[in-house]
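One structure is given here, and the rest of the page talks about it.
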Amino acid sequence: MLRRALLAALSLFCLAASAYAEPLDDGLNDLLGDSFPQTTKAVGEIAASGSPQSSAILDAMANGRALIDAANHRIVLKTDKGDWVDAKTGAPIAGLDEGALKKVRVNNGVRTAIGAAMGGLSMANADPAKRREAAEQVFKSRDPKALPAIEAQIAKETDPNALASLKQARAAILVADDSAPTAQRVAALADLTARGDEDAENLIATAAASAKDPEFKAAAAAALAHTQRRLAMISVAQNLWYGISAASVLLLAAIGLAITFGVMGVINMAHGEMAMLGAYVTYVVQGALPPALQPWSLAFAIPLAFLTSGLVGAGLERLIIRRLYNRPLETLLATWGVSLILQQAIRSLFGASNKQVTSPAFMTGSFDFWGVSITANRMWIIVLSLAVFLGIQLVLRATPFGLQMRAVTQNRRMAASMGISTGFVDTAAFALGSGVAGIAGVALSQIDNVSPNLGQGYIIDSFMVVVLGGVGNLWGTLLGALTLGLANKELEPYIGAVQGQITLLIFIILFIQMRPRGLFALKGRAVEA
Amino acid sequence: MLQATGLALGAAMSLGALAAKAEDTIKVGILHSLSGTMAISETTLKDVMLMLIDQQNAKGGVLGKKLEAVVVDPASNWPLFAEKAKELIAKDKVSVVFGCWTSVSRKSVLPVFKELNSILFYPVQYEGEESERNVFYTGAAPNQQAIPAVDYLMSKDGGEVKRWVLEGTDYVYPRTTNKILAAYLKAKGVADADVMVNYTPFGFSDWQTEVTKIKAFGSAGKKTAVVSTINGDANVPFYKELGSQGIKATDIPVVAFSVGEEELAGLDAKPLVGHLAAWNYFMTVDTPANKAAIEAWRAYTKNPKRTFNDPMEAHVIGFNMWVKAVEKAGTFDTDAVIDAMIGVAVPNLTGGFATMMPNHHITKPVYIGEIQENGLINSVWQTPGTVVAQEWSPYLEGSKDLLSDWRKPLSCGNFNVKTGKCGG
């Protein structure tokens, strides 16, 4: 009798001691099974265990750092520093046979579960960005169980961004909950209106459609109308931004051509390949730089790409184009041949598959600017294209070389008799145009494939820009790029990308019929010919 | 006159030499682009074929004869495919051809293979709606790739997707596949408002507007997925844009039918973790046969990091089937081999057997994989067994009444069961 009582007391004691350890054990055991339904279940158990290890385990799982040590029947975690710890205790492990470990596999279902669980767990994280992320997770999952944690965090939140996200998460739960007090729900609508994106619009619309309370229904309808107005305005601004961004890529690709074709009158079909060379220079530079300099790889790549493509361009001019001046058809065919040779040369040298060019940290991700989502890589490309444009204008307007080049363009024989070496000016101008294409290639490597075909995708567009803008005028090229970019991006949401391109081509054909010399016609050699 | 005789003599002599040579080796034609836009995908297929032929010769060849590869380069130029095919069959007298990638290149060589009666093994997943006597299709038909992928996304494991974006490049494969998928989704009770079909031109590179559209379509409160039949070079900028706009696989998963490990090699895979690919083969499937094949391939190319992909496996299967059929027929004669092909079964690299069916398509397992941080694709789901190809989709008007059976006495690629006539 006594023994039995003792035993009962003992087991009770054990139970109390392992009060939170047990769900964690269950969770970890489920992970050992390595099947997706079990892993998803384990995520819930680990999150609910209340163990201080929970968030470390879930974080490791999400990042592929949780591994199964089948021999010892346990889960081990790899820390950021590369050390091994036991998942249950967090104690470091030495002398682990890494070859015998198997990763805990995760799929999208598990990832979603981890995200939702982390939302609850990292609500009080010391890092405001993590808190914000947690709030966003709750906003997506709309889990009413998270409400107390959110309220508690709102009360002591100091970071304004995290506070806004927390309030939106709370609003998402309240608006969807018919039993919550009307005053709270109406107040929640204001938080959602402040967020004002499509998710908020959808939440409000669903709530407005199903609301029974007349006061809330009216408030929701007003909030919905407000959000929709705002979204319509943002959409206009967003399309405008996309148009400018598309224009900047066109400008970069076309500006070199504006010099070689526009100013010199040479139809260079290998222009796209100069950009392709620039992209491969970026790839080579990234491979050659030590890790410490990687963030600055583009700063090295831009001048090198300019030099490489410029030199190839100069060689092309000296060896081929020079011999074909005033024979546009032969120039076209010869440069097309050169473009094929360059493509195949790169293919033989680097292989046919795409090369990976990494983006520096400042060129990844996007940020929100008054509701308009702005991607960092596109923004920097706009900056680069404007810098290149201004740089070339400066060269043409403010340097002796620019003066000579303009003189040769306007009247070659006169310029020659004034003592300008027209042959040198031709080579230098062609090198400049090609070099600028190389810079464009560095930018294109950030948004497009680095493959031997890179240039092909841009050559037609570049010619369209130059012809539309008016042969021989850089301002015309700028305007031509803007017209094409904006028109393309304004048409695309309504009639789709395929029809958009067709419409634009028809427009250009009609326009060239009416104004054969483009937006800005200039007197010069191109006109004489 | 003397000169002409000399020429004729020379020609006769070289012909004689050719004939003598043709007796001890059997020629195998390889018709893959080694230059131009398709070189990125097709060059590796040529190398795989060369490896397979080497391996077979090391085993003593076929029917006691050594195989000899004849490689031609159709240069991603569709009419040139037909010319090169003619050259292979008529001039080089090859017994069989392994080749083509795009549907248009296959369509361009079809008349040549029919006229000169030769055999083509086509290794790439395609839109179906075809069955020819002279062609053996070792890639997937839509029901062996697209439909299982949609089934997976509809299932609990796949996230119970309710809203669909069918995003494709504007040409025949995406258009046909999307037509089949739209009809299939409709049959599954998905409302028209929950399906968005969108096409972009070849080589499309500015995905900003399209990705924003997908984002907006996906924020309607129902789980949304993108089914991508985007082709070739347009994929990298598409995924880059998805990454920069922060669309995660847990929000809107993208399942792709033409993105494999080779294509991912040009990408930073970190923002893409969890996006999906549907194939009949993944390099990461852990079987001894797969391991051995990858090791052999890496040793052959002397590159310990080379990837192995779905169309490559299709060529392995196709080649093994051809060898078996030739041994079964006991001759290299085209008609005998075509007849012997049906019913031939060879092991898949990922387990199970591929069988050549009377419709000249093979049975295939279907895998759904998720992109990992290292750019490899891990299988997360697979069909319980192998799937038989429906070359004529039951979801399309005009093709649902057709069937193909190349066994005698039917011997027809498009037999209409309603009219009872061969020919559609």
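Residues are named by chain letter and number: chains run A, B, ... in the order of the structure tokens, numbers start at 1 in each chain, and ligands are numbered from 1 in the order shown.
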Who sits within 6 Å of stretch 132-141 of chain A, only C-alpha atoms, same chain under 2 positions skipped, as a ChimeraX atom specification: /A:116,119,122-123,129-130,143,162,165-166,169,172
Selection file, N, CA and C atoms, as an mmCIF file, in the first residue's frame:
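part-v4.cif was written with the following content:
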data_model
loop_
_atom_site.group_PDB
_atom_site.id
_atom_site.type_symbol
_atom_site.label_atom_id
_atom_site.label_comp_id
_atom_site.auth_asym_id
_atom_site.auth_seq_id
_atom_site.Cartn_x
_atom_site.Cartn_y
_atom_site.Cartn_z
ATOM 1 N N ALA A 116 3.437 30.337 -39.264
ATOM 2 C CA ALA A 116 2.347 30.656 -38.352
ATOM 3 C C ALA A 116 2.804 30.488 -36.909
ATOM 4 N N GLY A 119 5.079 33.185 -35.777
ATOM 5 C CA GLY A 119 4.322 34.407 -35.535
ATOM 6 C C GLY A 119 4.003 34.554 -34.060
ATOM 7 N N SER A 122 7.728 34.644 -31.914
ATOM 8 C CA SER A 122 8.704 35.740 -31.969
ATOM 9 C C SER A 122 8.033 37.102 -31.840
ATOM 10 N N MET A 123 6.789 37.107 -31.340
ATOM 11 C CA MET A 123 6.071 38.373 -31.149
ATOM 12 C C MET A 123 6.831 39.299 -30.212
ATOM 13 N N ALA A 129 12.528 44.061 -36.409
ATOM 14 C CA ALA A 129 12.221 43.487 -37.730
ATOM 15 C C ALA A 129 11.559 42.119 -37.566
ATOM 16 N N LYS A 130 12.061 41.327 -36.580
ATOM 17 C CA LYS A 130 11.483 40.008 -36.316
ATOM 18 C C LYS A 130 10.055 40.149 -35.805
ATOM 19 N N ASP A 143 -5.075 34.240 -36.992
ATOM 20 C CA ASP A 143 -5.327 33.270 -35.939
ATOM 21 C C ASP A 143 -5.800 33.993 -34.675
ATOM 22 N N ALA A 162 6.846 48.350 -36.311
ATOM 23 C CA ALA A 162 6.340 47.115 -35.720
ATOM 24 C C ALA A 162 4.951 47.363 -35.143
ATOM 25 N N SER A 165 2.373 47.283 -37.891
ATOM 26 C CA SER A 165 2.117 45.916 -38.327
ATOM 27 C C SER A 165 1.286 45.154 -37.306
ATOM 28 N N LEU A 166 1.609 45.365 -36.002
ATOM 29 C CA LEU A 166 0.862 44.682 -34.947
ATOM 30 C C LEU A 166 -0.605 45.101 -34.974
ATOM 31 N N ALA A 169 -2.329 43.447 -37.782
ATOM 32 C CA ALA A 169 -2.583 42.042 -37.486
ATOM 33 C C ALA A 169 -3.806 41.916 -36.585
ATOM 34 N N ALA A 172 -6.880 42.580 -38.581
ATOM 35 C CA ALA A 172 -7.254 41.463 -39.457
ATOM 36 C C ALA A 172 -8.079 40.439 -38.685
#
List as JSON lines every residue of chain B that is in contact with chain A, defined as an atom at most 6 Å from one of its atoms (using only C-alpha atoms), together with the nearest atom pair and the distance in Å rounded to one decimal, sorted by chain and then rising number.
{"residue": "B:Ile40", "atom": "CA", "partner": "A:Ala352", "partner_atom": "CA", "distance": 4.5}
{"residue": "B:Thr200", "atom": "CA", "partner": "A:Ala497", "partner_atom": "CA", "distance": 5.4}
{"residue": "B:Pro201", "atom": "CA", "partner": "A:Val498", "partner_atom": "CA", "distance": 5.6}
{"residue": "B:Ser219", "atom": "CA", "partner": "A:Asp199", "partner_atom": "CA", "distance": 5.4}
{"residue": "B:Ala220", "atom": "CA", "partner": "A:Asn202", "partner_atom": "CA", "distance": 5.7}
{"residue": "B:Val236", "atom": "CA", "partner": "A:Asn449", "partner_atom": "CA", "distance": 5.9}
{"residue": "B:Pro237", "atom": "CA", "partner": "A:Asp448", "partner_atom": "CA", "distance": 4.9}
{"residue": "B:Ser244", "atom": "CA", "partner": "A:Gly365", "partner_atom": "CA", "distance": 4.4}
{"residue": "B:Gln245", "atom": "CA", "partner": "A:Ser366", "partner_atom": "CA", "distance": 5.9}
{"residue": "B:Thr250", "atom": "CA", "partner": "A:Asn108", "partner_atom": "CA", "distance": 5.5}
{"residue": "B:Gly266", "atom": "CA", "partner": "A:Gln356", "partner_atom": "CA", "distance": 4.1}
{"residue": "B:Leu267", "atom": "CA", "partner": "A:Gln356", "partner_atom": "CA", "distance": 5.4}
{"residue": "B:Gly274", "atom": "CA", "partner": "A:Asn108", "partner_atom": "CA", "distance": 5.9}
Those same residues - C-alpha atoms - I'd like them written as a PDB file, in the first residue's frame.
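Okay, again18.pdb is ready:
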ATOM      1  CA  ILE B  40      21.645  25.697 -73.854  1.00  0.00           C
ATOM      2  CA  THR B 200       4.014  36.650 -72.883  1.00  0.00           C
ATOM      3  CA  PRO B 201       6.283  36.756 -75.932  1.00  0.00           C
ATOM      4  CA  SER B 219      -4.635  38.491 -52.792  1.00  0.00           C
ATOM      5  CA  ALA B 220      -8.306  37.624 -53.152  1.00  0.00           C
ATOM      6  CA  VAL B 236      15.370  33.575 -65.184  1.00  0.00           C
ATOM      7  CA  PRO B 237      14.026  37.166 -65.293  1.00  0.00           C
ATOM      8  CA  SER B 244      12.610  40.980 -55.856  1.00  0.00           C
ATOM      9  CA  GLN B 245       8.882  41.540 -55.370  1.00  0.00           C
ATOM     10  CA  THR B 250       4.349  29.826 -49.096  1.00  0.00           C
ATOM     11  CA  GLY B 266      21.831  30.690 -63.690  1.00  0.00           C
ATOM     12  CA  LEU B 267      19.882  31.779 -60.646  1.00  0.00           C
ATOM     13  CA  GLY B 274       9.752  26.064 -52.155  1.00  0.00           C
TER      14      GLY B 274
END
Those in stretch 46-182 of chain A with strand (DSSP E or B) from DSSP, as a ChimeraX atom specification: /A:66-69,74-78,84-86,92,102-103
Mind checking which residues fall within 8 Å of A:Val312, counting only C-alpha atoms, ignoring those fewer than 6 positions away in the same chain, and posting them as an mmCIF file with N, CA and C atoms, in the first residue's frame?
data_model
loop_
_atom_site.group_PDB
_atom_site.id
_atom_site.type_symbol
_atom_site.label_atom_id
_atom_site.label_comp_id
_atom_site.auth_asym_id
_atom_site.auth_seq_id
_atom_site.Cartn_x
_atom_site.Cartn_y
_atom_site.Cartn_z
ATOM 1 N N MET A 274 27.683 43.408 -77.699
ATOM 2 C CA MET A 274 28.559 44.232 -76.854
ATOM 3 C C MET A 274 27.997 44.242 -75.431
ATOM 4 N N ALA A 431 34.005 52.954 -80.480
ATOM 5 C CA ALA A 431 34.430 52.344 -79.220
ATOM 6 C C ALA A 431 33.573 52.865 -78.078
ATOM 7 N N SER A 434 30.144 51.229 -78.212
ATOM 8 C CA SER A 434 30.224 49.827 -77.799
ATOM 9 C C SER A 434 30.473 49.720 -76.307
#
What's the 12 Å shell around B:Asn290, counting only C-alpha atoms, without same-chain residues fewer than 2 positions away, as an mmCIF file with N, CA and C atoms, in the first residue's frame?
data_model
loop_
_atom_site.group_PDB
_atom_site.id
_atom_site.type_symbol
_atom_site.label_atom_id
_atom_site.label_comp_id
_atom_site.auth_asym_id
_atom_site.auth_seq_id
_atom_site.Cartn_x
_atom_site.Cartn_y
_atom_site.Cartn_z
ATOM 1 N N TYR B 281 11.513 12.924 -63.688
ATOM 2 C CA TYR B 281 12.812 12.512 -63.161
ATOM 3 C C TYR B 281 13.383 13.656 -62.340
ATOM 4 N N PHE B 282 13.959 13.357 -61.207
ATOM 5 C CA PHE B 282 14.751 14.344 -60.476
ATOM 6 C C PHE B 282 16.085 13.723 -60.134
ATOM 7 N N MET B 283 17.106 14.563 -60.209
ATOM 8 C CA MET B 283 18.441 14.097 -59.895
ATOM 9 C C MET B 283 18.539 13.616 -58.450
ATOM 10 N N THR B 284 17.689 14.190 -57.584
ATOM 11 C CA THR B 284 17.819 13.912 -56.153
ATOM 12 C C THR B 284 17.118 12.634 -55.716
ATOM 13 N N VAL B 285 16.401 11.961 -56.646
ATOM 14 C CA VAL B 285 15.733 10.717 -56.246
ATOM 15 C C VAL B 285 16.803 9.672 -55.953
ATOM 16 N N ASP B 286 16.696 9.076 -54.754
ATOM 17 C CA ASP B 286 17.783 8.249 -54.237
ATOM 18 C C ASP B 286 17.589 6.778 -54.618
ATOM 19 N N THR B 287 18.085 6.384 -55.786
ATOM 20 C CA THR B 287 18.071 4.963 -56.148
ATOM 21 C C THR B 287 19.469 4.594 -56.647
ATOM 22 N N PRO B 288 19.843 3.324 -56.519
ATOM 23 C CA PRO B 288 21.184 2.915 -56.982
ATOM 24 C C PRO B 288 21.379 3.194 -58.472
ATOM 25 N N ALA B 292 24.277 5.581 -60.043
ATOM 26 C CA ALA B 292 25.257 5.057 -60.989
ATOM 27 C C ALA B 292 25.256 5.887 -62.266
ATOM 28 N N ALA B 293 24.042 6.253 -62.738
ATOM 29 C CA ALA B 293 23.956 7.026 -63.976
ATOM 30 C C ALA B 293 24.618 8.386 -63.803
ATOM 31 N N ILE B 294 24.355 9.046 -62.660
ATOM 32 C CA ILE B 294 24.940 10.368 -62.432
ATOM 33 C C ILE B 294 26.465 10.252 -62.340
ATOM 34 N N GLU B 295 26.938 9.206 -61.641
ATOM 35 C CA GLU B 295 28.382 9.026 -61.512
ATOM 36 C C GLU B 295 29.035 8.800 -62.872
ATOM 37 N N ALA B 296 28.388 7.962 -63.685
ATOM 38 C CA ALA B 296 28.932 7.681 -65.011
ATOM 39 C C ALA B 296 28.976 8.958 -65.851
ATOM 40 N N TRP B 297 27.912 9.751 -65.747
ATOM 41 C CA TRP B 297 27.823 10.995 -66.503
ATOM 42 C C TRP B 297 28.908 11.962 -66.072
ATOM 43 N N THR B 307 24.956 18.375 -63.825
ATOM 44 C CA THR B 307 23.608 17.964 -63.451
ATOM 45 C C THR B 307 23.055 17.002 -64.495
ATOM 46 N N PHE B 308 22.062 16.246 -64.057
ATOM 47 C CA PHE B 308 21.407 15.267 -64.909
ATOM 48 C C PHE B 308 19.935 15.629 -64.888
ATOM 49 N N ASN B 309 19.261 15.643 -66.045
ATOM 50 C CA ASN B 309 17.878 16.097 -66.005
ATOM 51 C C ASN B 309 16.913 15.164 -66.722
ATOM 52 N N ASP B 310 15.660 15.581 -66.747
ATOM 53 C CA ASP B 310 14.568 14.744 -67.229
ATOM 54 C C ASP B 310 14.735 14.311 -68.687
ATOM 55 N N MET B 312 17.340 14.056 -70.327
ATOM 56 C CA MET B 312 18.497 13.164 -70.415
ATOM 57 C C MET B 312 18.084 11.750 -70.036
ATOM 58 N N GLU B 313 17.298 11.632 -68.953
ATOM 59 C CA GLU B 313 16.809 10.304 -68.569
ATOM 60 C C GLU B 313 15.958 9.714 -69.699
ATOM 61 N N VAL B 316 18.116 8.125 -72.083
ATOM 62 C CA VAL B 316 18.646 6.864 -71.549
ATOM 63 C C VAL B 316 17.612 5.768 -71.760
ATOM 64 N N PRO B 347 14.103 -0.424 -67.182
ATOM 65 C CA PRO B 347 13.962 0.256 -65.887
ATOM 66 C C PRO B 347 14.158 1.767 -65.989
ATOM 67 N N ASN B 348 13.365 2.522 -65.218
ATOM 68 C CA ASN B 348 13.617 3.951 -65.053
ATOM 69 C C ASN B 348 14.813 4.123 -64.133
ATOM 70 N N LEU B 349 15.478 5.265 -64.208
ATOM 71 C CA LEU B 349 16.578 5.524 -63.281
ATOM 72 C C LEU B 349 16.059 5.718 -61.870
ATOM 73 N N THR B 350 14.801 6.160 -61.758
ATOM 74 C CA THR B 350 14.266 6.471 -60.428
ATOM 75 C C THR B 350 13.434 5.334 -59.869
ATOM 76 N N GLY B 351 13.527 4.165 -60.461
ATOM 77 C CA GLY B 351 12.764 3.020 -59.970
ATOM 78 C C GLY B 351 11.571 2.721 -60.857
ATOM 79 N N GLY B 352 11.128 1.475 -60.846
ATOM 80 C CA GLY B 352 10.003 1.079 -61.680
ATOM 81 C C GLY B 352 10.436 0.893 -63.131
#
A:Ile114 surroundings by only C-alpha atoms, 10 Å radius, close-in-sequence under 6 positions cut, as a VMD selection string: chain A and resid 40 42 to 44 46 to 47 55 58 to 59 61 to 62 106 108 137
